[in-house]
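To start, the structure itself, in structure tokens.
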Amino acid sequence: MEKFNLKREDALLLVIDIQEKLLPVIHNKEEVVNNNNILISTAKKLNLPIIYTEHYAKGIGPTVDKLKENLDTARKFDKVAFSACIEEGFLDLIKETNRK
């Protein structure tokens with residue numbers, strides 16, 4: 001595997017669709033939530049931008065509470081397409097962070 005350097009000024013954290021009604025079908029769901037909380041806390045300590053998505057929150061429910069409590073400084077992006085990248089405004093939101 002080729003090595004690469006991760007630079008803080010180029011990085012951001014993107015948390016995708018960890019929502020209430022999806023949680024029951026996620027393997028090792030508690031571990032997934034706990035690991036995401038570690039990632040979020042670390043990103044906050046490093047002052048990295050954090051963006052999280054919610055897929056059709058009206059039907060699937062909001063981001064799980066255990067994560068949402070830690071996402072207080074993050075920007076939320078609502079989407080209805082499975083891929084956030086095809087949603088209008090998502091790539092612009094990423095570009096606004098000036099991260100690679």
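Convention: chains lettered A, B, ... in structure tokens order; per-chain residue numbering from 1; ligands numbered from 1 as shown.
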
Strand (DSSP E) per DSSP on the backbone: members of chain A, as a PyMOL selection string: chain A and resi 13-16+50-55+75-79

Exercise: segment 81-83 of chain A partners within 12 Å, only C-alpha atoms, chain neighbours under 6 positions left out, as a list in words: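 The residues that qualify are Ile16, Asp17, Thr53, Glu54, His55, Tyr56, Ala57, Phe90 and Leu91 of chain A.
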
Distance table requested - segment 26-56 of chain A against segment 74-80 of chain A, cut-off 12 Å, only C-alpha atoms: one row per qualifying residue with the closest atom pair and its distance in Å to one decimal, ordered by chain and rising residue number, as a Markdown table.
| residue | atom | partner | partner_atom | distance |
| --- | --- | --- | --- | --- |
| A:Ile40 | CA | A:Ala74 | CA | 9.2 |
| A:Ser41 | CA | A:Ala74 | CA | 11.2 |
| A:Ala43 | CA | A:Ala74 | CA | 10.2 |
| A:Lys44 | CA | A:Ala74 | CA | 9.1 |
| A:Asn47 | CA | A:Ala74 | CA | 10.9 |
| A:Leu48 | CA | A:Ala74 | CA | 9.7 |
| A:Pro49 | CA | A:Ala74 | CA | 7.1 |
| A:Ile50 | CA | A:Ala74 | CA | 4.8 |
| A:Ile51 | CA | A:Arg75 | CA | 4.8 |
| A:Tyr52 | CA | A:Lys76 | CA | 5.0 |
| A:Thr53 | CA | A:Phe77 | CA | 4.7 |
| A:Glu54 | CA | A:Asp78 | CA | 5.0 |
| A:His55 | CA | A:Lys79 | CA | 5.0 |
| A:Tyr56 | CA | A:Val80 | CA | 5.1 |

Taking into account only C-alpha atoms, which residue in the set A:Leu12, A:Ile18, A:Val33, A:Leu39 is nearest to Glu96 of chain A?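 Smallest distance to Glu96 of chain A is found for A:Leu12.
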
Show which residues sit within 12 Å of Glu20 of chain A, as a ChimeraX atom specification. Count only C-alpha atoms, and ignore same-chain residues fewer than 2 positions away. /A:17-18,22-26,29,33,54-68

Report the residues of chain A whose backbone DSSP state falls under helix (DSSP H, G or I), written as an MDAnalysis selection string. chainID A and resid 8:10 23:25 29:45 57:60 65:68 84:86 90:96

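Here atom CA of Gly89 of chain A is placed at a distance of 27.5 Å from atom CA of Ile38 of chain A.
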
Interatomic distance, atom CA of Leu46 of chain A to atom CA of Arg8 of chain A (Å, one decimal): 7.5 Å

Please report the interatomic distance between atom CA of Asp10 of chain A and atom CA of Arg99 of chain A in Å with one decimal.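 Atom-to-atom, atom CA of Asp10 of chain A and atom CA of Arg99 of chain A are spaced 4.5 Å apart.
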